[in-house]
>>> print(open('structure.pdb').read())   # PDB, C-alpha atoms
ATOM      1  CA  MET B   1      54.904  49.154  12.605
ATOM      2  CA  ASN B   2      51.108  49.141  12.802
ATOM      3  CA  TRP B   3      49.904  49.006  16.436
ATOM      4  CA  ASP B   4      46.660  47.423  15.317
ATOM      5  CA  ASP B   5      48.629  44.487  13.862
ATOM      6  CA  LEU B   6      50.474  44.211  17.179
ATOM      7  CA  ARG B   7      47.142  43.833  18.971
ATOM      8  CA  PHE B   8      46.475  40.740  16.874
ATOM      9  CA  PHE B   9      50.009  39.478  17.525
ATOM     10  CA  LEU B  10      49.521  39.866  21.303
ATOM     11  CA  ALA B  11      46.176  38.063  21.233
ATOM     12  CA  VAL B  12      47.665  35.058  19.405
ATOM     13  CA  ALA B  13      50.691  34.992  21.738
ATOM     14  CA  ARG B  14      48.412  34.974  24.784
ATOM     15  CA  HIS B  15      45.713  32.587  23.585
ATOM     16  CA  ARG B  16      47.819  30.268  21.366
ATOM     17  CA  THR B  17      45.089  29.747  18.761
ATOM     18  CA  LEU B  18      43.577  31.915  16.041
ATOM     19  CA  THR B  19      40.059  31.035  17.181
ATOM     20  CA  ALA B  20      40.647  32.059  20.800
ATOM     21  CA  ALA B  21      42.438  35.236  19.706
ATOM     22  CA  ALA B  22      39.562  36.073  17.369
ATOM     23  CA  LYS B  23      37.039  35.600  20.168
ATOM     24  CA  GLN B  24      38.947  37.999  22.430
ATOM     25  CA  LEU B  25      39.254  40.591  19.654
ATOM     26  CA  GLY B  26      35.657  40.244  18.445
ATOM     27  CA  VAL B  27      36.572  39.271  14.882
ATOM     28  CA  ASN B  28      36.688  36.030  12.884
ATOM     29  CA  HIS B  29      39.766  33.823  12.725
ATOM     30  CA  THR B  30      40.341  34.683   9.045
ATOM     31  CA  THR B  31      40.899  38.311  10.019
ATOM     32  CA  VAL B  32      43.412  37.259  12.681
ATOM     33  CA  SER B  33      45.278  35.104  10.175
ATOM     34  CA  ARG B  34      45.360  37.937   7.621
ATOM     35  CA  ARG B  35      46.616  40.521  10.114
ATOM     36  CA  LEU B  36      49.251  38.118  11.403
ATOM     37  CA  GLN B  37      50.465  37.507   7.858
ATOM     38  CA  SER B  38      50.603  41.267   7.294
ATOM     39  CA  LEU B  39      52.840  41.633  10.336
ATOM     40  CA  HIS B  40      55.061  38.743   9.217
ATOM     41  CA  ASP B  41      55.468  40.405   5.796
ATOM     42  CA  GLU B  42      56.333  43.732   7.388
ATOM     43  CA  VAL B  43      59.031  42.474   9.783
ATOM     44  CA  GLY B  44      60.409  39.860   7.361
ATOM     45  CA  VAL B  45      60.950  37.142   9.979
ATOM     46  CA  ARG B  46      58.919  34.256  11.332
ATOM     47  CA  LEU B  47      57.233  35.261  14.595
ATOM     48  CA  PHE B  48      55.446  32.020  15.544
ATOM     49  CA  ASP B  49      56.072  28.302  15.383
ATOM     50  CA  LYS B  50      52.837  26.447  14.761
ATOM     51  CA  GLN B  51      52.685  23.333  16.943
ATOM     52  CA  PRO B  52      49.887  20.858  17.712
ATOM     53  CA  GLU B  53      49.183  22.771  20.942
ATOM     54  CA  GLY B  54      48.955  26.103  19.142
ATOM     55  CA  TYR B  55      51.094  29.068  18.122
ATOM     56  CA  PHE B  56      54.297  29.687  20.119
ATOM     57  CA  PRO B  57      56.566  32.746  19.612
ATOM     58  CA  THR B  58      59.954  32.186  18.005
ATOM     59  CA  ASN B  59      63.001  33.971  19.456
ATOM     60  CA  ALA B  60      62.176  36.949  17.246
ATOM     61  CA  GLY B  61      58.566  36.689  18.365
ATOM     62  CA  GLU B  62      59.610  36.760  22.027
ATOM     63  CA  ASP B  63      61.576  39.963  21.382
ATOM     64  CA  LEU B  64      58.576  41.532  19.687
ATOM     65  CA  LEU B  65      56.273  40.305  22.451
ATOM     66  CA  ARG B  66      58.265  42.154  25.122
ATOM     67  CA  VAL B  67      58.218  45.368  23.103
ATOM     68  CA  ALA B  68      54.523  45.027  22.240
ATOM     69  CA  GLU B  69      53.591  44.445  25.886
ATOM     70  CA  ARG B  70      55.491  47.580  26.921
ATOM     71  CA  MET B  71      53.718  49.565  24.199
ATOM     72  CA  GLU B  72      50.355  48.150  25.265
ATOM     73  CA  SER B  73      51.021  48.990  28.900
ATOM     74  CA  GLU B  74      51.956  52.591  28.050
ATOM     75  CA  LEU B  75      48.918  53.074  25.808
ATOM     76  CA  HIS B  76      46.523  51.674  28.387
ATOM     77  CA  SER B  77      48.138  53.759  31.118
ATOM     78  CA  LEU B  78      47.585  56.887  29.022
ATOM     79  CA  ASP B  79      44.026  55.778  28.250
ATOM     80  CA  ARG B  80      43.283  55.319  31.959
ATOM     81  CA  ARG B  81      44.776  58.687  32.895
ATOM     82  CA  LEU B  82      42.682  60.444  30.268
ATOM     83  CA  LEU B  83      39.529  58.589  31.286
ATOM     84  CA  GLY B  84      40.282  59.335  34.929
ATOM     85  CA  ARG B  85      39.847  63.043  34.175
ATOM     86  CA  ASP B  86      36.387  62.457  32.711
ATOM     87  CA  SER B  87      33.832  64.178  34.928
ATOM     88  CA  ARG B  88      30.831  63.358  32.741
ATOM     89  CA  LEU B  89      28.165  60.963  33.955
ATOM     90  CA  SER B  90      27.879  59.491  30.481
ATOM     91  CA  GLY B  91      29.647  57.071  28.185
ATOM     92  CA  LYS B  92      30.462  53.364  28.251
ATOM     93  CA  LEU B  93      31.101  51.636  31.578
ATOM     94  CA  ARG B  94      32.363  48.050  31.393
ATOM     95  CA  VAL B  95      31.717  45.880  34.430
ATOM     96  CA  THR B  96      32.940  42.311  34.866
ATOM     97  CA  THR B  97      31.472  39.959  37.437
ATOM     98  CA  LEU B  98      30.557  36.344  38.145
ATOM     99  CA  ASP B  99      27.578  34.716  36.501
ATOM    100  CA  ILE B 100      25.733  34.310  39.810
ATOM    101  CA  LEU B 101      26.267  37.975  40.726
ATOM    102  CA  ALA B 102      25.054  39.099  37.309
ATOM    103  CA  TYR B 103      21.960  36.909  37.773
ATOM    104  CA  VAL B 104      21.177  38.176  41.266
ATOM    105  CA  HIS B 105      21.869  41.844  40.576
ATOM    106  CA  ALA B 106      20.359  42.268  37.109
ATOM    107  CA  PRO B 107      17.539  44.392  38.621
ATOM    108  CA  ASP B 108      20.115  46.600  40.369
ATOM    109  CA  PHE B 109      22.002  47.131  37.113
ATOM    110  CA  THR B 110      18.713  48.154  35.520
ATOM    111  CA  ARG B 111      17.989  50.640  38.304
ATOM    112  CA  PHE B 112      21.487  52.098  37.906
ATOM    113  CA  THR B 113      20.912  52.760  34.199
ATOM    114  CA  GLU B 114      17.526  54.302  35.006
ATOM    115  CA  ARG B 115      19.232  56.639  37.460
ATOM    116  CA  TYR B 116      22.046  57.457  35.021
ATOM    117  CA  PRO B 117      20.484  57.064  31.563
ATOM    118  CA  GLU B 118      23.496  58.460  29.706
ATOM    119  CA  VAL B 119      25.811  55.766  31.058
ATOM    120  CA  GLU B 120      26.044  52.811  28.682
ATOM    121  CA  LEU B 121      26.480  49.845  31.021
ATOM    122  CA  GLU B 122      28.205  46.781  29.575
ATOM    123  CA  ILE B 123      28.147  43.671  31.792
ATOM    124  CA  THR B 124      30.681  40.935  31.079
ATOM    125  CA  VAL B 125      30.169  37.606  32.816
ATOM    126  CA  ASP B 126      33.516  35.990  33.429
ATOM    127  CA  ASN B 127      34.337  33.590  36.238
ATOM    128  CA  ASN B 128      38.020  34.360  35.757
ATOM    129  CA  THR B 129      39.494  37.738  36.564
ATOM    130  CA  LEU B 130      39.540  40.036  33.536
ATOM    131  CA  SER B 131      42.491  42.404  33.452
ATOM    132  CA  LEU B 132      41.444  45.870  34.547
ATOM    133  CA  SER B 133      44.934  47.127  33.744
ATOM    134  CA  ARG B 134      44.445  46.141  30.064
ATOM    135  CA  ARG B 135      41.067  47.921  30.077
ATOM    136  CA  GLU B 136      39.077  44.777  29.414
ATOM    137  CA  ALA B 137      36.795  46.177  32.126
ATOM    138  CA  ASP B 138      36.520  49.364  34.182
ATOM    139  CA  VAL B 139      35.005  47.855  37.322
ATOM    140  CA  ALA B 140      35.034  44.326  38.707
ATOM    141  CA  ILE B 141      32.687  42.804  41.260
ATOM    142  CA  ARG B 142      34.694  39.897  42.575
ATOM    143  CA  VAL B 143      34.427  37.217  45.233
ATOM    144  CA  THR B 144      37.953  36.755  46.565
ATOM    145  CA  ASN B 145      39.909  36.714  49.809
ATOM    146  CA  GLY B 146      42.963  38.176  48.061
ATOM    147  CA  PRO B 147      42.269  41.014  45.592
ATOM    148  CA  PRO B 148      45.205  42.048  43.370
ATOM    149  CA  ASP B 149      47.479  44.683  44.924
ATOM    150  CA  HIS B 150      47.377  46.941  41.851
ATOM    151  CA  LEU B 151      43.603  47.450  42.103
ATOM    152  CA  VAL B 152      41.711  49.753  44.446
ATOM    153  CA  GLY B 153      38.221  49.527  45.848
ATOM    154  CA  ARG B 154      36.314  48.329  48.836
ATOM    155  CA  LYS B 155      35.258  45.150  50.521
ATOM    156  CA  VAL B 156      31.467  45.265  50.686
ATOM    157  CA  GLY B 157      30.837  42.159  52.754
ATOM    158  CA  THR B 158      31.362  38.437  53.024
ATOM    159  CA  TRP B 159      29.588  35.535  51.401
ATOM    160  CA  ASN B 160      28.926  32.600  53.680
ATOM    161  CA  TYR B 161      27.517  29.358  52.347
ATOM    162  CA  THR B 162      24.704  26.950  53.184
ATOM    163  CA  LEU B 163      23.793  23.546  51.820
ATOM    164  CA  PHE B 164      20.435  23.879  50.033
ATOM    165  CA  ALA B 165      17.947  21.356  48.699
ATOM    166  CA  HIS B 166      14.643  21.673  46.898
ATOM    167  CA  ARG B 167      11.845  21.269  49.449
ATOM    168  CA  ASP B 168      10.593  18.122  47.680
ATOM    169  CA  LEU B 169      14.009  16.501  48.158
ATOM    170  CA  ALA B 170      14.187  17.710  51.747
ATOM    171  CA  GLU B 171      10.810  16.124  52.456
ATOM    172  CA  LYS B 172      12.008  12.847  50.932
ATOM    173  CA  TYR B 173      15.465  12.574  52.529
ATOM    174  CA  GLY B 174      15.221  14.720  55.662
ATOM    175  CA  SER B 175      18.464  15.341  57.553
ATOM    176  CA  ASP B 176      20.410  12.416  56.066
ATOM    177  CA  ILE B 177      22.614  14.434  53.714
ATOM    178  CA  ALA B 178      24.445  11.311  52.537
ATOM    179  CA  ALA B 179      21.186   9.998  51.039
ATOM    180  CA  TYR B 180      20.661  12.989  48.740
ATOM    181  CA  PRO B 181      21.776  13.154  45.119
ATOM    182  CA  TRP B 182      24.517  15.762  44.832
ATOM    183  CA  LEU B 183      25.685  18.234  42.252
ATOM    184  CA  ALA B 184      29.416  18.866  42.016
ATOM    185  CA  TRP B 185      31.863  21.275  40.434
ATOM    186  CA  GLU B 186      33.865  20.099  37.460
ATOM    187  CA  ARG B 187      37.184  18.847  38.781
ATOM    188  CA  ASN B 188      39.311  21.186  36.670
ATOM    189  CA  LEU B 189      37.765  24.187  38.474
ATOM    190  CA  GLY B 190      39.735  23.319  41.608
ATOM    191  CA  ALA B 191      36.890  23.652  44.149
ATOM    192  CA  ARG B 192      39.160  22.164  46.795
ATOM    193  CA  ILE B 193      37.273  23.353  49.883
ATOM    194  CA  THR B 194      33.958  21.908  48.671
ATOM    195  CA  GLU B 195      35.607  18.690  47.514
ATOM    196  CA  ALA B 196      37.374  18.258  50.862
ATOM    197  CA  TRP B 197      34.120  18.798  52.761
ATOM    198  CA  MET B 198      32.283  16.258  50.627
ATOM    199  CA  LYS B 199      35.106  13.729  50.936
ATOM    200  CA  ARG B 200      34.903  14.018  54.709
ATOM    201  CA  HIS B 201      31.129  14.178  55.223
ATOM    202  CA  VAL B 202      29.595  12.395  52.195
ATOM    203  CA  PRO B 203      32.408  10.257  50.768
ATOM    204  CA  LYS B 204      29.984   7.993  48.902
ATOM    205  CA  ALA B 205      27.767  10.772  47.577
ATOM    206  CA  ARG B 206      25.889   9.967  44.384
ATOM    207  CA  ILE B 207      26.770  12.728  41.923
ATOM    208  CA  ALA B 208      23.852  13.556  39.655
ATOM    209  CA  PHE B 209      26.031  15.704  37.398
ATOM    210  CA  TYR B 210      28.973  18.110  37.333
ATOM    211  CA  VAL B 211      28.713  21.791  36.426
ATOM    212  CA  ASP B 212      31.127  24.594  35.561
ATOM    213  CA  ALA B 213      28.990  27.652  36.344
ATOM    214  CA  ALA B 214      27.203  28.859  39.473
ATOM    215  CA  THR B 215      23.983  29.673  37.620
ATOM    216  CA  THR B 216      23.890  26.104  36.283
ATOM    217  CA  MET B 217      24.408  24.869  39.830
ATOM    218  CA  LEU B 218      21.549  27.040  41.084
ATOM    219  CA  SER B 219      19.292  25.888  38.259
ATOM    220  CA  GLY B 220      19.964  22.227  39.070
ATOM    221  CA  ILE B 221      19.193  22.733  42.763
ATOM    222  CA  LEU B 222      15.993  24.645  41.957
ATOM    223  CA  ARG B 223      14.840  21.759  39.777
ATOM    224  CA  GLY B 224      15.508  19.169  42.455
ATOM    225  CA  ALA B 225      18.376  17.472  40.643
ATOM    226  CA  GLY B 226      20.583  17.479  43.722
ATOM    227  CA  VAL B 227      22.024  19.448  46.616
ATOM    228  CA  GLN B 228      25.076  21.669  46.931
ATOM    229  CA  PHE B 229      26.345  24.706  48.802
ATOM    230  CA  LEU B 230      25.170  28.119  47.628
ATOM    231  CA  PRO B 231      25.865  31.614  48.911
ATOM    232  CA  THR B 232      23.368  31.871  51.759
ATOM    233  CA  ASN B 233      21.722  35.033  50.446
ATOM    234  CA  VAL B 234      21.218  33.446  47.018
ATOM    235  CA  GLY B 235      19.603  30.303  48.390
ATOM    236  CA  ARG B 236      17.336  32.179  50.800
ATOM    237  CA  ALA B 237      15.962  34.268  47.944
ATOM    238  CA  HIS B 238      14.167  31.162  46.608
ATOM    239  CA  ASP B 239      11.167  29.937  48.621
ATOM    240  CA  GLN B 240      11.321  26.471  47.079
ATOM    241  CA  LEU B 241      14.741  25.825  48.630
ATOM    242  CA  GLN B 242      15.393  24.599  52.144
ATOM    243  CA  ALA B 243      18.593  25.120  54.118
ATOM    244  CA  LEU B 244      20.148  21.871  55.381
ATOM    245  CA  VAL B 245      23.620  22.577  56.793
ATOM    246  CA  ASN B 246      25.648  25.756  57.313
ATOM    247  CA  ALA B 247      29.104  25.593  55.783
ATOM    248  CA  PRO B 248      32.149  26.062  58.046
ATOM    249  CA  ASP B 249      33.932  29.414  58.138
ATOM    250  CA  ASN B 250      36.635  28.296  55.713
ATOM    251  CA  PHE B 251      34.000  28.461  52.940
ATOM    252  CA  ASN B 252      33.563  32.215  53.509
ATOM    253  CA  MET B 253      34.586  34.554  50.674
ATOM    254  CA  ASP B 254      34.869  38.344  50.671
ATOM    255  CA  VAL B 255      32.992  40.379  48.075
ATOM    256  CA  TRP B 256      34.877  43.304  46.520
ATOM    257  CA  LEU B 257      34.209  46.227  44.201
ATOM    258  CA  LEU B 258      37.451  46.951  42.354
ATOM    259  CA  THR B 259      38.809  49.345  39.763
ATOM    260  CA  HIS B 260      42.143  50.681  38.597
ATOM    261  CA  ALA B 261      43.663  53.579  40.565
ATOM    262  CA  ASP B 262      43.629  55.763  37.456
ATOM    263  CA  LEU B 263      39.855  55.325  37.052
ATOM    264  CA  ARG B 264      38.561  55.764  40.588
ATOM    265  CA  ARG B 265      37.796  59.480  40.089
ATOM    266  CA  THR B 266      36.009  58.984  36.782
ATOM    267  CA  ALA B 267      32.433  60.113  37.364
ATOM    268  CA  ARG B 268      30.664  57.056  35.985
ATOM    269  CA  VAL B 269      33.062  54.652  37.733
ATOM    270  CA  ARG B 270      32.610  56.453  41.035
ATOM    271  CA  ALA B 271      28.823  56.571  40.608
ATOM    272  CA  PHE B 272      28.606  52.843  39.890
ATOM    273  CA  MET B 273      30.900  51.869  42.760
ATOM    274  CA  ASP B 274      28.960  54.067  45.201
ATOM    275  CA  TYR B 275      25.603  52.725  44.004
ATOM    276  CA  MET B 276      26.523  49.028  43.883
ATOM    277  CA  GLY B 277      28.555  49.370  47.076
ATOM    278  CA  ASP B 278      25.449  50.473  48.962
ATOM    279  CA  VAL B 279      23.379  47.678  47.389
ATOM    280  CA  LEU B 280      25.904  44.983  48.265
ATOM    281  CA  VAL B 281      26.611  46.262  51.775
ATOM    282  CA  ASP B 282      22.888  46.289  52.608
ATOM    283  CA  GLU B 283      22.344  42.848  51.089
ATOM    284  CA  LEU B 284      25.293  41.192  52.824
ATOM    285  CA  LYS B 285      24.640  42.964  56.131
ATOM    286  CA  CYS B 286      21.089  41.546  56.139
ATOM    287  CA  ASP B 287      22.488  38.128  55.262
ATOM    288  CA  ALA B 288      24.978  38.234  58.150
ATOM    289  CA  ALA B 289      22.286  39.328  60.598
ATOM    290  CA  SER B 290      19.733  36.661  59.620
TER     291      SER B 290
END
>>> encode(input="structure.pdb", output="C-alpha cells")
Amino acid sequence: MNWDDLRFFLAVARHRTLTAAAKQLGVNHTTVSRRLQSLHDEVGVRLFDKQPEGYFPTNAGEDLLRVAERMESELHSLDRRLLGRDSRLSGKLRVTTLDILAYVHAPDFTRFTERYPEVELEITVDNNTLSLSRREADVAIRVTNGPPDHLVGRKVGTWNYTLFAHRDLAEKYGSDIAAYPWLAWERNLGARITEAWMKRHVPKARIAFYVDAATTMLSGILRGAGVQFLPTNVGRAHDQLQALVNAPDNFNMDVWLLTHADLRRTARVRAFMDYMGDVLVDELKCDAAS
C-alpha cells in the first residue's frame, strides 16, 4: 500500500471535503480525488460514504484510518528523532503563531534570519493550534493558559489587556465607554470572557462590526471604527491609540514558546527558541513594569 495515498486518505478523513484536504496538502482537489480513487482501486472496498456534510469513513475506512494513523505517528516520531540529532544551524524551520504575534514580531523574525542566514524560516499564521506532533510546525508561539502536556518549552510572560480607542474617538466620547462604537469578535470564536465583560459593562453597546482575526481588530481600532480590548503592549505601540480601561485579571493569557521533546536539541530550533525567548521576555517584562 502506497503511504503517499494514505496521506491523502488521512487528509480527507480529517477535513471531510476534498477542497479542505487539498488545501492542507498543498494540491488541487482533482489530485486528491485521483489519489483517493487509486487507493479505492487498490484495496477493492469502499472507504468513504459521501454525504451532504462531506466524506465519512465506512467501517472498512475506519479500520484503515486506525492503521494509517499509527503509521503516520511512527513515521513522524522517526522524523523527529532524526531531526533532533541535527546540529546544523541551517535548513527549514517552521514556526506557527497567531496573526497578531506575526504582525508585531515580523522585524524580530527578520533579525533572526539575518543572524542565521542559512536557516530558512517559514512562518505560518494560524489562530488554531497546529499539531507539532504531526510536524505541521517545529515551533509554536502560543497564547494559552494551558499548553498541551506533550509539548515542551517555556512561558515567556503574560499578556494583559487594555481597552483602546483612537484618540479622535477618545476626544469625542471621553470616559463614557457605553457611548463608543464597539468592535466585537465573531460569536463562533467563543470569546466568552470579552462577551461577558461587555454584557455586564456595556450591555447596549453599538457594534460597528464583527471580526475573526486580531489584526483585523487592530486595524479597525486604528482607523477609529470602534473600541475593543487589545494586548496592552500592542496597543501602546501605536501613538494614535489611547488607553481607556484596564481589563480585569481574568483576561490575562500566558505566552509560550513550544516545541516537541524530540526537537528541542535541534540546533535551529534551539537557536530560535533562545532568540525569540529573549525578545518576548524583554517585551513582556517592560509591559508588566509600565
>>> resolve_selection(input="structure.pdb", expression="the PyMOL selection byres ((chain B and resi 223) around 12)", output="list in words")
Phe164, Ala165, His166, Arg167, Asp168, Leu169, Leu183, Thr216, Met217, Leu218, Ser219, Gly220, Ile221, Leu222, Gly224, Ala225, Gly226, Val227, His238, Gln240 and Leu241 of chain B
>>> closest_residue(input="structure.pdb", among="B:Ala214, B:Leu284, B:Leu89, B:Ile100", to="B:Ala267", atoms="all atoms listed in the file")
B:Leu89
>>> residues_near_point(input="structure.pdb", point="(23.6, 39.6, 42.8)", cutoff="10 Å", atoms="only C-alpha atoms", output="compact mmCIF listing (two decimals) with C-alpha atoms, in the coordinates of the input")
# COMPACT_ATOMS: atom_id res chain seq x y z
CA THR B 97 31.47 39.96 37.44
CA LEU B 98 30.56 36.34 38.15
CA ASP B 99 27.58 34.72 36.50
CA ILE B 100 25.73 34.31 39.81
CA LEU B 101 26.27 37.98 40.73
CA ALA B 102 25.05 39.10 37.31
CA TYR B 103 21.96 36.91 37.77
CA VAL B 104 21.18 38.18 41.27
CA HIS B 105 21.87 41.84 40.58
CA ALA B 106 20.36 42.27 37.11
CA PRO B 107 17.54 44.39 38.62
CA ASP B 108 20.11 46.60 40.37
CA PHE B 109 22.00 47.13 37.11
CA ILE B 141 32.69 42.80 41.26
CA ASN B 233 21.72 35.03 50.45
CA VAL B 234 21.22 33.45 47.02
CA MET B 276 26.52 49.03 43.88
CA VAL B 279 23.38 47.68 47.39
CA LEU B 280 25.90 44.98 48.26
CA GLU B 283 22.34 42.85 51.09
>>> residues_around(input="structure.pdb", residues="B:Ser90", least_positions_apart="6", cutoff="9 Å", atoms="only C-alpha atoms", output="number ranges by chain")
B: 116-120, 267-268
>>> resolve_selection(input="structure.pdb", expression="the PyMOL selection byres ((chain B and resi 32) around 10)", output="list in words")
Asp5, Arg7, Phe8, Phe9, Ala11, Val12, Thr17, Leu18, Thr19, Ala21, Ala22, Lys23, Leu25, Val27, Asn28, His29, Thr30, Thr31, Ser33, Arg34, Arg35, Leu36, Gln37 and Ser38 of chain B
>>> resolve_selection(input="structure.pdb", expression="the PyMOL selection byres ((chain B and resi 152-161) around 7)", output="ChimeraX atom specification")
/B:150-151,162-163,229-232,246-247,251-261,277,280-281,284
>>> closest_residue(input="structure.pdb", among="B:Leu47, B:Lys92, B:Gln24, B:Leu65", to="B:Leu10", atoms="all atoms listed in the file")
B:Leu65
>>> atom_distance(input="structure.pdb", atom1="atom CA of B:Glu186", atom2="atom CA of B:Ala208")
12.2 Å
>>> closest_residue(input="structure.pdb", among="B:Arg192, B:Arg16, B:Pro57, B:Phe112", to="B:Asp274", atoms="only C-alpha atoms")
B:Phe112
>>> residues_near_point(input="structure.pdb", point="(35.6, 25.5, 44.0)", cutoff="12 Å", atoms="all atoms listed in the file", output="PyMOL selection string")
chain B and resi 127+143-144+184-198+210-214+217+228-230+251-253
>>> atom_distance(input="structure.pdb", atom1="atom CA of B:Ala237", atom2="atom CA of B:His201")
26.2 Å
>>> closest_residue(input="structure.pdb", among="B:Asn250, B:Leu64, B:Glu69, B:Thr266", to="B:Asn145", atoms="all atoms listed in the file")
B:Asn250
>>> atom_distance(input="structure.pdb", atom1="atom CA of B:Val245", atom2="atom CA of B:Asp282")
24.1 Å
>>> closest_residue(input="structure.pdb", among="B:Arg142, B:Asp249, B:Ala68, B:Ile123", to="B:Asp4", atoms="only C-alpha atoms")
B:Ala68
